[in-house]
>>> print(open('coords-v7.txt').read())   # compact mmCIF, C-alpha atoms
# COMPACT_ATOMS: atom_id res chain seq x y z
CA MET Z 280 -81.41 -147.63 -10.94
CA LYS Z 281 -80.65 -147.13 -14.63
CA ARG Z 282 -84.22 -146.07 -15.31
CA PHE Z 283 -84.03 -143.60 -12.43
CA ILE Z 284 -80.84 -142.06 -13.80
CA LEU Z 285 -82.40 -141.88 -17.27
CA ILE Z 286 -85.47 -140.03 -15.94
CA ILE Z 287 -83.29 -137.56 -14.00
CA ALA Z 288 -81.16 -136.96 -17.12
CA ILE Z 289 -84.26 -136.29 -19.29
CA ILE Z 290 -85.69 -133.83 -16.75
CA TYR Z 291 -82.33 -132.09 -16.44
CA PHE Z 292 -81.92 -131.59 -20.20
CA GLU Z 293 -85.51 -130.37 -20.61
CA VAL Z 294 -85.11 -127.82 -17.84
CA SER Z 295 -81.74 -126.64 -19.09
CA PHE Z 296 -83.16 -126.34 -22.63
CA LEU Z 297 -85.97 -124.11 -21.40
CA TYR Z 298 -83.60 -122.04 -19.28
CA ALA Z 299 -81.22 -121.66 -22.24
CA GLU Z 300 -84.09 -120.22 -24.33
CA ASP Z 301 -84.86 -117.58 -21.64
CA VAL Z 302 -81.21 -116.68 -21.29
CA THR Z 303 -80.86 -116.27 -25.06
CA PHE Z 304 -83.92 -113.97 -25.17
CA ASN Z 305 -82.70 -111.85 -22.27
CA GLN Z 306 -79.25 -111.59 -23.78
CA LYS Z 307 -80.54 -110.19 -27.09
CA ILE Z 308 -78.26 -107.29 -27.85
CA ARG Z 309 -79.39 -103.77 -27.08
CA ILE Z 310 -78.70 -100.84 -29.36
CA ASN Z 311 -78.90 -97.17 -28.44
CA PHE Z 312 -80.40 -94.51 -30.69
CA PHE Z 313 -80.04 -90.74 -30.85
CA ILE Z 314 -82.88 -89.22 -32.88
CA SER Z 315 -82.66 -85.63 -34.05
CA VAL Z 316 -84.23 -83.48 -36.75
CA ARG Z 317 -82.76 -83.13 -40.24
CA THR Z 318 -82.95 -79.43 -40.99
CA LYS Z 319 -81.43 -76.97 -43.41
CA LYS Z 320 -81.76 -74.13 -40.89
CA LEU Z 321 -78.64 -73.08 -39.06
CA ASP Z 322 -79.40 -73.87 -35.43
CA PRO Z 323 -76.37 -73.86 -33.11
CA ALA Z 324 -78.05 -75.93 -30.37
CA ILE Z 325 -79.21 -78.71 -32.68
CA ALA Z 326 -75.98 -78.60 -34.69
CA SER Z 327 -73.88 -78.98 -31.54
CA ALA Z 328 -75.87 -82.00 -30.34
CA GLN Z 329 -75.81 -83.62 -33.78
CA LEU Z 330 -72.07 -83.16 -34.21
CA GLN Z 331 -71.37 -84.71 -30.81
CA ALA Z 332 -73.77 -87.56 -31.56
CA ARG Z 333 -72.08 -88.24 -34.90
CA VAL Z 334 -68.65 -88.39 -33.30
CA THR Z 335 -69.93 -90.61 -30.48
CA GLY Z 336 -71.70 -92.85 -32.98
CA MET Z 337 -68.52 -93.20 -35.03
CA LEU Z 338 -66.48 -94.08 -31.97
CA ASN Z 339 -69.10 -96.58 -30.77
CA LYS Z 340 -70.06 -98.24 -34.01
CA GLY Z 341 -72.70 -100.84 -33.53
CA GLU Z 342 -73.61 -99.63 -30.04
CA MET Z 343 -75.07 -96.26 -30.82
CA TYR Z 344 -76.82 -95.10 -34.00
CA CYS Z 345 -77.58 -91.46 -34.58
CA MET Z 346 -80.38 -90.71 -37.00
CA PHE Z 347 -81.38 -87.31 -38.34
CA VAL Z 348 -84.91 -87.64 -39.65
CA GLU Z 349 -87.60 -85.53 -41.26
CA SER Z 350 -90.54 -87.43 -39.78
CA ALA Z 351 -91.45 -90.09 -37.25
CA GLN Z 352 -92.18 -92.53 -40.09
CA GLU Z 353 -88.64 -92.17 -41.42
CA MET Z 354 -87.35 -92.78 -37.89
CA ALA Z 355 -89.40 -95.98 -37.62
CA ASP Z 356 -88.28 -97.25 -41.05
CA ARG Z 357 -84.60 -96.67 -40.37
CA MET Z 358 -84.72 -98.05 -36.83
CA THR Z 359 -86.54 -101.24 -37.81
CA ALA Z 360 -84.06 -101.81 -40.65
CA VAL Z 361 -81.16 -101.67 -38.18
CA LEU Z 362 -82.89 -103.68 -35.45
CA LYS Z 363 -83.98 -106.43 -37.84
CA LYS Z 364 -80.54 -106.71 -39.35
CA ARG Z 365 -78.84 -106.90 -35.97
CA ASN Z 366 -81.64 -108.94 -34.36
CA ALA Z 367 -81.57 -106.50 -31.49
CA MET Z 368 -83.79 -104.58 -29.09
CA ILE Z 369 -83.82 -100.88 -28.26
CA GLY Z 370 -81.62 -100.17 -25.28
CA ASN Z 371 -81.73 -96.41 -24.93
CA ILE Z 372 -83.42 -93.92 -27.22
CA TRP Z 373 -82.91 -90.16 -26.94
CA PHE Z 374 -85.25 -87.73 -28.76
CA ASP Z 375 -83.30 -84.55 -29.29
CA SER Z 376 -85.41 -81.51 -30.19
CA HIS Z 377 -86.33 -78.02 -29.09
CA GLY Z 378 -89.06 -77.36 -26.56
CA HIS Z 379 -91.46 -74.50 -27.34
CA PHE Z 380 -92.37 -72.57 -24.22
CA SER Z 381 -94.73 -70.30 -26.14
CA LYS Z 382 -96.90 -73.31 -26.99
CA ARG Z 383 -97.57 -73.63 -23.24
CA ARG Z 384 -97.30 -77.43 -23.17
CA ALA Z 385 -94.62 -80.09 -22.86
CA LEU Z 386 -93.69 -81.55 -26.23
CA PHE Z 387 -90.94 -83.03 -28.35
CA ASP Z 388 -90.46 -83.18 -32.10
CA VAL Z 389 -89.42 -86.06 -34.30
CA GLY Z 390 -88.64 -84.27 -37.54
CA LYS Z 391 -91.71 -82.24 -38.47
CA ASP Z 392 -94.04 -84.29 -36.23
CA GLU Z 393 -94.84 -82.77 -32.88
CA PHE Z 394 -95.82 -84.96 -29.95
CA ASN Z 395 -97.52 -83.48 -26.90
CA ALA Z 396 -99.97 -84.84 -24.32
CA GLU Z 397 -102.88 -84.51 -26.79
CA SER Z 398 -101.31 -85.39 -30.14
CA ILE Z 399 -99.72 -88.54 -28.72
CA MET Z 400 -103.25 -89.97 -28.53
CA ASP Z 401 -103.60 -89.67 -32.30
CA SER Z 402 -103.31 -93.19 -33.67
CA VAL Z 403 -102.23 -92.01 -37.13
CA LEU Z 404 -99.50 -89.74 -35.80
CA THR Z 405 -98.19 -92.37 -33.37
CA ALA Z 406 -98.22 -95.28 -35.86
CA PRO Z 407 -94.40 -95.12 -36.18
CA PHE Z 408 -94.06 -95.61 -32.42
CA ARG Z 409 -96.23 -98.71 -32.60
CA ILE Z 410 -93.89 -100.06 -35.28
CA ILE Z 411 -90.81 -99.64 -33.10
CA SER Z 412 -92.63 -100.86 -29.99
CA ALA Z 413 -91.99 -104.40 -31.28
CA TYR Z 414 -88.35 -103.80 -30.33
CA SER Z 415 -89.06 -102.11 -27.03
CA ASP Z 416 -89.84 -103.54 -23.60
CA THR Z 417 -89.64 -102.67 -19.93
CA ASN Z 418 -85.85 -102.58 -20.13
CA THR Z 419 -85.89 -99.86 -22.77
CA ILE Z 420 -85.01 -96.38 -21.56
CA VAL Z 421 -86.38 -93.34 -23.36
CA GLY Z 422 -85.11 -89.78 -22.92
CA ILE Z 423 -87.17 -86.76 -24.01
CA GLY Z 424 -84.32 -84.38 -24.80
CA SER Z 425 -86.43 -81.29 -25.34
CA CYS Z 426 -86.62 -78.38 -22.92
CA TYR Z 427 -89.59 -78.70 -20.51
CA GLY Z 428 -90.42 -82.08 -22.09
CA GLY Z 429 -91.31 -83.51 -18.68
CA ALA Z 430 -92.63 -80.30 -17.12
CA THR Z 431 -95.47 -80.73 -14.64
CA TYR Z 432 -95.92 -77.14 -13.44
CA THR Z 433 -98.61 -74.72 -14.56
CA PHE Z 434 -97.76 -72.16 -17.21
CA PRO Z 435 -98.72 -68.78 -15.69
CA SER Z 436 -101.48 -66.60 -17.09
CA VAL Z 437 -100.11 -63.94 -19.48
CA GLU Z 438 -101.91 -61.11 -21.28
CA GLY Z 439 -105.30 -62.74 -21.39
CA PHE Z 440 -103.94 -66.24 -22.07
CA PRO Z 441 -105.20 -68.44 -19.22
CA GLU Z 442 -102.87 -70.50 -17.08
CA GLN Z 443 -102.30 -73.96 -18.46
CA GLN Z 444 -100.85 -77.26 -17.25
CA MET Z 445 -97.74 -78.29 -19.15
CA LYS Z 446 -98.79 -82.00 -18.90
CA GLY Z 447 -95.29 -83.40 -19.23
CA ASP Z 448 -96.27 -86.29 -16.93
CA VAL Z 449 -99.15 -87.25 -19.24
CA LEU Z 450 -96.85 -87.13 -22.26
CA MET Z 451 -94.29 -89.39 -20.56
CA MET Z 452 -96.91 -91.91 -19.43
CA ARG Z 453 -98.49 -92.15 -22.85
CA LEU Z 454 -95.11 -92.49 -24.54
CA SER Z 455 -94.23 -95.30 -22.15
CA CYS Z 456 -97.51 -97.07 -22.98
CA LEU Z 457 -96.77 -96.79 -26.69
CA LEU Z 458 -93.33 -98.33 -26.23
CA ASN Z 459 -94.40 -101.40 -24.25
CA ASN Z 460 -93.99 -99.85 -20.79
CA ALA Z 461 -90.51 -98.46 -21.32
CA THR Z 462 -88.97 -96.15 -18.72
CA VAL Z 463 -89.22 -92.51 -19.82
CA TYR Z 464 -87.21 -89.53 -18.56
CA GLY Z 465 -88.24 -85.91 -19.15
CA SER Z 466 -86.85 -82.59 -17.97
CA GLU Z 467 -88.74 -79.95 -16.01
CA SER Z 468 -86.39 -77.27 -17.25
CA PHE Z 469 -83.80 -76.46 -19.92
CA VAL Z 470 -81.83 -79.21 -21.69
CA MET Z 471 -78.54 -77.85 -22.90
CA THR Z 472 -76.41 -79.14 -25.78
CA GLY Z 473 -73.04 -77.58 -25.05
CA PRO Z 474 -69.82 -79.55 -25.53
CA GLY Z 475 -69.59 -82.79 -23.56
CA ILE Z 476 -73.17 -84.08 -23.49
CA PHE Z 477 -71.87 -87.65 -23.91
CA THR Z 478 -69.33 -87.43 -21.12
CA ALA Z 479 -71.58 -88.52 -18.24
CA SER Z 480 -71.36 -85.03 -16.74
CA TYR Z 481 -73.83 -82.28 -15.90
CA ASN Z 482 -73.62 -80.77 -19.38
CA LEU Z 483 -77.25 -81.48 -20.20
CA ALA Z 484 -78.22 -79.24 -17.29
CA GLY Z 485 -77.67 -75.50 -17.17
CA TYR Z 486 -79.30 -72.44 -18.63
CA PRO Z 487 -79.16 -70.45 -21.88
CA ARG Z 488 -77.48 -67.07 -21.99
CA ARG Z 489 -79.99 -65.29 -24.23
CA LYS Z 490 -81.79 -62.26 -22.80
CA LYS Z 491 -85.27 -63.53 -23.70
CA PHE Z 492 -85.02 -66.35 -21.13
CA LYS Z 493 -84.45 -63.84 -18.33
CA ASP Z 494 -88.08 -62.85 -18.06
CA PRO Z 495 -90.39 -63.61 -15.09
CA ILE Z 496 -92.51 -65.72 -17.49
CA TYR Z 497 -89.72 -68.30 -17.34
CA LYS Z 498 -89.60 -68.37 -13.51
CA PRO Z 499 -91.08 -71.91 -13.14
CA VAL Z 500 -88.41 -73.17 -15.56
CA TRP Z 501 -85.55 -71.55 -13.65
CA ASP Z 502 -86.90 -72.78 -10.31
CA ASN Z 503 -86.69 -76.37 -11.60
CA LEU Z 504 -83.24 -76.13 -13.19
CA GLY Z 505 -81.64 -79.56 -13.62
CA GLU Z 506 -84.70 -81.42 -12.34
CA TRP Z 507 -85.89 -84.48 -14.20
CA ASN Z 508 -88.88 -86.76 -13.89
CA CYS Z 509 -89.13 -90.47 -14.56
CA TYR Z 510 -92.06 -92.68 -15.45
CA ASN Z 511 -91.35 -96.35 -14.88
CA GLY Z 512 -93.65 -98.32 -17.16
CA LYS Z 513 -93.02 -101.59 -15.34
CA THR Z 514 -94.06 -100.38 -11.89
CA LYS Z 515 -96.39 -97.68 -13.26
CA THR Z 516 -94.88 -95.04 -10.99
CA PHE Z 517 -94.04 -91.41 -11.70
CA TYR Z 518 -91.35 -89.74 -9.59
CA SER Z 519 -88.59 -87.13 -9.57
CA VAL Z 520 -85.01 -88.18 -10.20
CA THR Z 521 -81.63 -86.51 -10.06
CA THR Z 522 -80.15 -84.83 -13.11
CA VAL Z 523 -80.03 -87.13 -16.12
CA THR Z 524 -76.99 -87.55 -18.31
CA LEU Z 525 -75.68 -89.51 -21.30
CA ASN Z 526 -72.49 -91.51 -21.34
CA HIS Z 527 -70.12 -92.32 -24.20
CA ASP Z 528 -72.29 -95.27 -25.36
CA GLY Z 529 -75.45 -93.20 -25.46
CA ASN Z 530 -76.78 -94.82 -22.27
CA ILE Z 531 -79.16 -92.69 -20.24
CA TYR Z 532 -78.80 -92.66 -16.49
CA CYS Z 533 -79.13 -90.42 -13.43
CA LYS Z 534 -76.26 -88.63 -11.75
CA PRO Z 535 -75.77 -89.20 -8.01
CA ALA Z 536 -76.67 -85.58 -7.20
CA ASP Z 537 -78.92 -82.84 -8.58
CA TYR Z 538 -77.50 -79.95 -10.60
CA LEU Z 539 -78.81 -77.51 -8.00
CA GLY Z 540 -77.40 -79.65 -5.21
CA PHE Z 541 -74.10 -77.87 -5.77
CA LYS Z 542 -73.74 -74.62 -3.85
CA LYS Z 543 -72.09 -72.68 -6.69
CA ASN Z 544 -74.91 -73.55 -9.13
CA LYS Z 545 -77.48 -72.43 -6.61
CA GLN Z 546 -75.65 -69.15 -6.00
CA LYS Z 547 -75.38 -68.50 -9.74
CA LEU Z 548 -79.11 -69.14 -10.09
CA GLN Z 549 -79.96 -66.68 -7.29
CA GLN Z 550 -77.83 -64.01 -8.98
CA LYS Z 551 -79.53 -64.64 -12.33
CA LEU Z 552 -83.02 -64.44 -10.82
CA LEU Z 553 -82.26 -60.95 -9.49
CA LYS Z 554 -81.58 -59.72 -13.05
CA PHE Z 555 -84.91 -60.84 -14.44
CA ARG Z 556 -86.90 -58.12 -16.13
CA ARG Z 557 -90.40 -58.19 -17.54
CA GLY Z 558 -90.36 -57.37 -21.25
CA ASN Z 559 -87.35 -59.49 -22.22
CA PHE Z 560 -89.62 -62.12 -23.71
CA ASN Z 561 -91.51 -61.35 -26.91
CA ILE Z 562 -95.16 -62.27 -26.33
CA ALA Z 563 -95.80 -62.21 -30.09
CA SER Z 564 -94.79 -65.89 -30.08
CA PHE Z 565 -97.98 -66.71 -28.11
CA TYR Z 566 -100.11 -65.20 -30.87
CA GLN Z 567 -98.17 -67.04 -33.57
CA GLU Z 568 -99.66 -70.32 -32.39
CA GLU Z 569 -103.24 -69.23 -32.89
CA PHE Z 570 -104.94 -70.08 -36.19
CA MET B 211 -132.94 -31.06 -51.64
CA LYS B 212 -131.19 -33.71 -53.70
CA LYS B 213 -127.97 -31.75 -53.53
CA LEU B 214 -128.30 -31.52 -49.77
CA GLN B 215 -128.85 -35.27 -49.49
CA LEU B 216 -125.82 -35.94 -51.64
CA LEU B 217 -123.75 -33.58 -49.53
CA LEU B 218 -124.87 -35.27 -46.33
CA LEU B 219 -124.04 -38.71 -47.76
CA GLY B 220 -120.61 -37.46 -48.78
CA ALA B 221 -120.03 -36.07 -45.29
CA VAL B 222 -120.91 -39.41 -43.69
CA PHE B 223 -118.59 -41.40 -45.95
CA PHE B 224 -115.85 -38.86 -45.53
CA ASN B 225 -116.05 -39.26 -41.72
CA ILE B 226 -116.04 -43.05 -41.92
CA GLY B 227 -112.97 -42.85 -44.11
CA PHE B 228 -111.11 -40.96 -41.38
CA ALA B 229 -112.29 -43.23 -38.54
CA SER B 230 -109.77 -45.86 -39.53
CA ILE B 231 -106.87 -46.27 -41.87
CA PRO B 232 -108.03 -48.34 -44.83
CA SER B 233 -107.62 -52.02 -44.00
CA GLY B 234 -106.68 -52.60 -47.60
CA LYS B 235 -103.27 -51.22 -46.62
CA LYS B 236 -101.62 -54.63 -46.40
CA LYS B 237 -97.97 -53.68 -46.43
CA PRO B 238 -96.65 -52.73 -43.01
CA SER B 239 -94.29 -49.78 -42.97
CA HIS B 240 -93.09 -49.91 -39.40
CA LYS B 241 -91.73 -52.43 -36.99
CA ILE B 242 -93.52 -52.02 -33.69
CA VAL B 243 -92.27 -52.64 -30.17
CA LEU B 244 -95.26 -52.39 -27.90
CA LYS B 245 -95.10 -52.44 -24.11
CA THR B 246 -98.32 -53.43 -22.41
CA VAL B 247 -99.56 -52.08 -19.10
CA GLU B 248 -98.64 -55.45 -17.53
CA GLY B 249 -95.04 -54.84 -18.55
CA ASN B 250 -94.82 -57.43 -21.31
CA SER B 251 -93.22 -56.68 -24.65
CA PHE B 252 -94.72 -57.38 -28.09
CA ARG B 253 -92.55 -57.12 -31.20
CA GLY B 254 -94.13 -57.27 -34.62
CA LEU B 255 -95.17 -55.20 -37.62
CA LEU B 256 -97.74 -52.41 -37.52
CA LEU B 257 -100.58 -53.16 -39.94
CA SER B 258 -103.15 -50.51 -39.19
CA VAL B 259 -104.43 -48.11 -36.56
CA ASN B 260 -108.05 -47.44 -35.62
CA ASP B 261 -109.37 -44.66 -33.42
CA SER B 262 -109.12 -46.84 -30.33
CA SER B 263 -106.83 -49.73 -31.19
CA LEU B 264 -104.00 -50.83 -33.35
CA VAL B 265 -103.53 -53.99 -35.38
CA ALA B 266 -100.19 -55.74 -35.59
CA TYR B 267 -98.69 -58.77 -37.30
CA PRO B 268 -96.93 -60.99 -34.71
CA GLY B 269 -93.91 -61.81 -36.83
CA LYS B 270 -90.78 -60.43 -38.46
CA TRP B 271 -90.23 -58.83 -41.87
CA LYS B 272 -88.73 -62.08 -43.11
CA GLU B 273 -91.86 -64.01 -42.17
CA TRP B 274 -94.12 -61.37 -43.73
CA ARG B 275 -92.21 -61.54 -47.02
CA LYS B 276 -92.46 -65.34 -47.04
CA GLY B 277 -96.20 -65.00 -46.55
CA LYS B 278 -96.39 -66.74 -43.20
CA LYS B 279 -100.00 -66.64 -42.04
CA TYR B 280 -100.40 -65.46 -38.49
CA ARG B 281 -103.62 -64.05 -37.17
CA SER B 282 -103.26 -60.30 -36.69
CA VAL B 283 -103.38 -59.06 -33.10
CA HIS B 284 -105.58 -56.22 -31.88
CA PHE B 285 -104.36 -54.06 -29.01
CA TYR B 286 -106.97 -51.85 -27.47
CA TYR B 287 -105.57 -48.57 -26.17
CA THR B 288 -106.27 -49.52 -22.54
CA ARG B 289 -103.67 -52.32 -22.81
CA ILE B 290 -100.93 -50.14 -24.28
CA GLU B 291 -98.35 -48.35 -22.19
CA GLU B 292 -95.75 -47.44 -24.78
CA VAL B 293 -95.24 -47.82 -28.51
CA ILE B 294 -91.90 -47.63 -30.29
CA LEU B 295 -92.07 -47.45 -34.08
CA LYS B 296 -89.07 -48.32 -36.20
CA GLU B 297 -89.20 -47.36 -39.83
CA LYS B 298 -88.48 -49.91 -42.53
CA GLY B 299 -85.12 -49.42 -44.18
CA ARG B 300 -83.71 -47.32 -41.34
CA ILE B 301 -80.55 -49.42 -41.06
CA ALA B 302 -79.75 -48.95 -44.76
CA LYS B 303 -80.30 -45.20 -44.35
CA GLY B 304 -78.09 -45.16 -41.28
CA MET B 305 -75.32 -46.97 -43.16
CA VAL B 306 -75.49 -44.44 -46.01
CA ILE B 307 -75.40 -41.48 -43.63
CA GLY B 308 -72.57 -43.10 -41.66
CA GLY B 309 -70.63 -43.76 -44.87
CA VAL B 310 -71.04 -40.15 -45.98
CA ALA B 311 -69.99 -38.97 -42.54
CA GLY B 312 -66.91 -41.17 -42.90
CA LEU B 313 -65.94 -39.19 -46.00
CA LEU B 314 -65.94 -35.88 -44.10
CA PRO B 315 -62.45 -36.27 -42.56
CA VAL B 316 -61.06 -36.58 -46.11
CA VAL B 317 -62.78 -33.36 -47.12
CA ALA B 318 -61.57 -31.68 -43.91
CA SER B 319 -57.97 -32.83 -44.47
CA LYS B 320 -58.01 -31.55 -48.03
CA THR B 321 -59.28 -28.15 -46.98
CA ASN B 322 -56.63 -28.01 -44.23
CA GLY B 323 -54.03 -28.94 -46.79
CA THR B 324 -52.58 -31.95 -44.91
CA SER B 325 -50.40 -34.34 -46.84
CA GLU B 326 -51.80 -37.67 -45.58
CA PRO B 327 -53.17 -39.75 -48.47
CA ALA B 328 -56.95 -39.80 -48.66
CA GLY B 329 -57.04 -43.57 -49.20
CA ASN B 330 -55.53 -44.30 -45.77
CA ILE B 331 -58.10 -42.14 -44.01
CA LEU B 332 -60.98 -43.56 -46.01
CA LEU B 333 -60.05 -47.16 -45.15
CA VAL B 334 -60.71 -46.40 -41.50
CA THR B 335 -63.34 -43.71 -41.39
CA VAL B 336 -65.80 -45.06 -43.96
CA PRO B 337 -66.22 -48.57 -42.44
CA VAL B 338 -66.39 -47.08 -38.94
CA GLY B 339 -68.97 -44.60 -40.17
CA ILE B 340 -71.05 -47.32 -41.84
CA ILE B 341 -71.01 -49.56 -38.75
CA THR B 342 -71.79 -46.69 -36.38
CA GLY B 343 -74.59 -45.49 -38.65
CA ALA B 344 -76.08 -48.97 -38.79
CA VAL B 345 -75.91 -49.48 -35.01
CA LEU B 346 -77.41 -46.09 -34.19
CA ALA B 347 -80.16 -46.49 -36.78
CA GLY B 348 -80.96 -49.97 -35.50
CA LYS B 349 -81.42 -48.68 -31.98
CA SER B 350 -83.40 -45.62 -33.01
CA GLY B 351 -87.17 -45.43 -33.06
CA LYS B 352 -90.00 -43.00 -32.37
CA ARG B 353 -91.36 -43.47 -28.87
CA TYR B 354 -94.97 -42.72 -27.99
CA TRP B 355 -96.34 -42.90 -24.45
CA ILE B 356 -99.95 -44.06 -24.32
CA ASN B 357 -100.36 -45.21 -20.66
CA GLY B 358 -103.82 -46.60 -21.46
CA ASN B 359 -105.09 -43.06 -22.12
CA ILE B 360 -107.42 -42.38 -25.09
CA GLU B 361 -106.24 -38.77 -25.55
CA GLN B 362 -102.60 -39.86 -25.73
CA PHE B 363 -103.57 -42.62 -28.13
CA ARG B 364 -105.31 -40.10 -30.39
CA ASN B 365 -102.23 -37.86 -30.25
CA PHE B 366 -100.20 -40.85 -31.33
CA ILE B 367 -102.50 -41.41 -34.33
CA ARG B 368 -102.29 -37.74 -35.31
CA ARG B 369 -98.50 -37.73 -35.11
CA LEU B 370 -98.33 -41.00 -37.01
CA TRP B 371 -100.38 -39.89 -40.00
>>> encode(input="coords-v7.txt", output="structure tokens")
Amino acid sequence: MKRFILIIAIIYFEVSFLYAEDVTFNQKIRINFFISVRTKKLDPAIASAQLQARVTGMLNKGEMYCMFVESAQEMADRMTAVLKKRNAMIGNIWFDSHGHFSKRRALFDVGKDEFNAESIMDSVLTAPFRIISAYSDTNTIVGIGSCYGGATYTFPSVEGFPEQQMKGDVLMMRLSCLLNNATVYGSESFVMTGPGIFTASYNLAGYPRRKKFKDPIYKPVWDNLGEWNCYNGKTKTFYSVTTVTLNHDGNIYCKPADYLGFKKNKQKLQQKLLKFRRGNFNIASFYQEEF
Amino acid sequence: MKKLQLLLLGAVFFNIGFASIPSGKKKPSHKIVLKTVEGNSFRGLLLSVNDSSLVAYPGKWKEWRKGKKYRSVHFYYTRIEEVILKEKGRIAKGMVIGGVAGLLPVVASKTNGTSEPAGNILLVTVPVGIITGAVLAGKSGKRYWINGNIEQFRNFIRRLW
């Protein structure tokens, strides 16, 4: 009887020891990051997002870090320093940058480094992502905060430039692969940075007021207002989701309803579409990309 | 005979010289707003004009001064519907003209013999004149209709130079 109890006790402690190790690993703390570009140019959109991120970071010290970087390598160096010190994993990471419609492809910038469906295959350019992938897993959530960063539609043919796939889905899949099958969110349309982007509201959705965006060239963007896509690295599935938002901790999640699910937003959109006029957009920006 | 040959050679070179504006002319003098037949708008700087096309720099004055290298764009006349040329320095000119126009009420009041101090009038009329001059000059520009027509394009070249 005593031997039997001893054997049961040994098995129990061994099993609980193994279980404790798993629990400890799963409970490793998660830190959120907001990555934006460090620039001397006066850019209201970027400045607004950065100011809100700074304030949110200050109010949530230790939970969210905002980093303004000049390159992807600087991002990797600073992130690994924080993650090593805190012995943590990446919870949510948001890449805040402009999208460039005139480049006719989905992309996002980390400082001066541009990542699109083609350049993300470059092993030299993506070396910083491989460094931070050590702290990323299937529970990591990535947000591409650039306009049209997850766009899947075809850019229409304009003035001799052929139509071209935006390849936002390819960009998201490859980014997920780089970050150990993380979940990646990307927008089909505009990503706004007005006040309240960290208030878990619809403030990331919306449209800019500038005249140049009210050109028929931008029709695919306006038709997909507030629509986001998701690539789940764990299940290897790509699907549409409702409008994405950020909360006060920098966590990325989906709202219960789409931005265009609200009647007033849809009505506003219809009114805007009627005012579109060809010639509002300056096509010189297409030629600026040629070298 | 030799003289005749030299004359003929001179005539040929003379004609070639007028076929296109010298491409060595690197400094653009006009901002160009070009509307294509498809309805799209191109805004840049006019570099040169040939007998059937024009060459433009697809950037702003600021970018040109900084030496930003963009490939120049050729627009064949068949693609052009309308060209609006805006002279360099027009806003500064407009501000000067507006400022001078703002001084006129002072001159008028003095000739009428009114007692209101000139300084009070100038404080209002000169800034208003400068702003109005700048706005009007900014919006102004010479408009040329091409409509993809070679004759209208050649008229445009003649009026330009």
>>> interface_residues(input="coords-v7.txt", of="chain Z", to="chain B", cutoff="6 Å", atoms="all atoms listed in the file", output="list in words")
Arg557, Gly558, Asn561, Ile562, Ala563 and Gln567 of chain Z
>>> atom_distance(input="coords-v7.txt", atom1="CA of Thr405 (chain Z)", atom2="CA of Gln352 (chain Z)")
9.0 Å
>>> residues_around(input="coords-v7.txt", residues="Ala413 (chain Z)", least_positions_apart="2", cutoff="12 Å", atoms="all atoms listed in the file", output="PyMOL selection string")
chain Z and resi 355+358-359+362-363+366-369+406-411+415-417+419+457-461
>>> residues_around(input="coords-v7.txt", residues="Tyr427 (chain Z)", least_positions_apart="5", cutoff="10 Å", atoms="all atoms listed in the file", output="PyMOL selection string")
chain Z and resi 377-380+383-387+432+445-447+465-470+500+503+506-507
>>> closest_atom_pairs(input="coords-v7.txt", of="region 270-302 of chain B", to="region 354-370 of chain B", cutoff="8 Å", atoms="all atoms listed in the file", output="tab-separated table")
residue	atom	partner	partner_atom	distance
B:Tyr287	CA	B:Gly358	CA	5.4
B:Thr288	CA	B:Gly358	CA	4.0
B:Arg289	CA	B:Gly358	CA	5.9
B:Ile290	CA	B:Gly358	CA	5.4
B:Glu291	CA	B:Asn357	CA	4.0
B:Glu292	CA	B:Trp355	CA	4.6
B:Val293	CA	B:Tyr354	CA	5.1
B:Ile294	CA	B:Tyr354	CA	6.2
>>> write_last_selection(input="coords-v7.txt", atoms="C-alpha atoms", output="PDB file, in the coordinates of the input")
ATOM      1  CA  TYR B 287    -105.570 -48.570 -26.170  1.00  0.00           C
ATOM      2  CA  THR B 288    -106.270 -49.520 -22.540  1.00  0.00           C
ATOM      3  CA  ARG B 289    -103.670 -52.320 -22.810  1.00  0.00           C
ATOM      4  CA  ILE B 290    -100.930 -50.140 -24.280  1.00  0.00           C
ATOM      5  CA  GLU B 291     -98.350 -48.350 -22.190  1.00  0.00           C
ATOM      6  CA  GLU B 292     -95.750 -47.440 -24.780  1.00  0.00           C
ATOM      7  CA  VAL B 293     -95.240 -47.820 -28.510  1.00  0.00           C
ATOM      8  CA  ILE B 294     -91.900 -47.630 -30.290  1.00  0.00           C
TER       9      ILE B 294
END
>>> residues_around(input="coords-v7.txt", residues="Met343 (chain Z)", least_positions_apart="2", cutoff="7 Å", atoms="all atoms listed in the file", output="CSV table (one decimal) with C-alpha atoms, in the frame of the given file")
chain,number,residue,atom,x,y,z
Z,310,ILE,CA,-78.7,-100.8,-29.4
Z,311,ASN,CA,-78.9,-97.2,-28.4
Z,312,PHE,CA,-80.4,-94.5,-30.7
Z,336,GLY,CA,-71.7,-92.8,-33.0
Z,339,ASN,CA,-69.1,-96.6,-30.8
Z,340,LYS,CA,-70.1,-98.2,-34.0
Z,341,GLY,CA,-72.7,-100.8,-33.5
Z,345,CYS,CA,-77.6,-91.5,-34.6
Z,528,ASP,CA,-72.3,-95.3,-25.4
Z,529,GLY,CA,-75.4,-93.2,-25.5
>>> atom_distance(input="coords-v7.txt", atom1="CA of Glu442 (chain Z)", atom2="CA of Pro495 (chain Z)")
14.4 Å
>>> residues_around(input="coords-v7.txt", residues="Phe285 (chain B)", least_positions_apart="5", cutoff="7 Å", atoms="all atoms listed in the file", output="ChimeraX atom specification")
/B:263-265
>>> atom_distance(input="coords-v7.txt", atom1="CA of Thr462 (chain Z)", atom2="CA of Leu504 (chain Z)")
21.5 Å
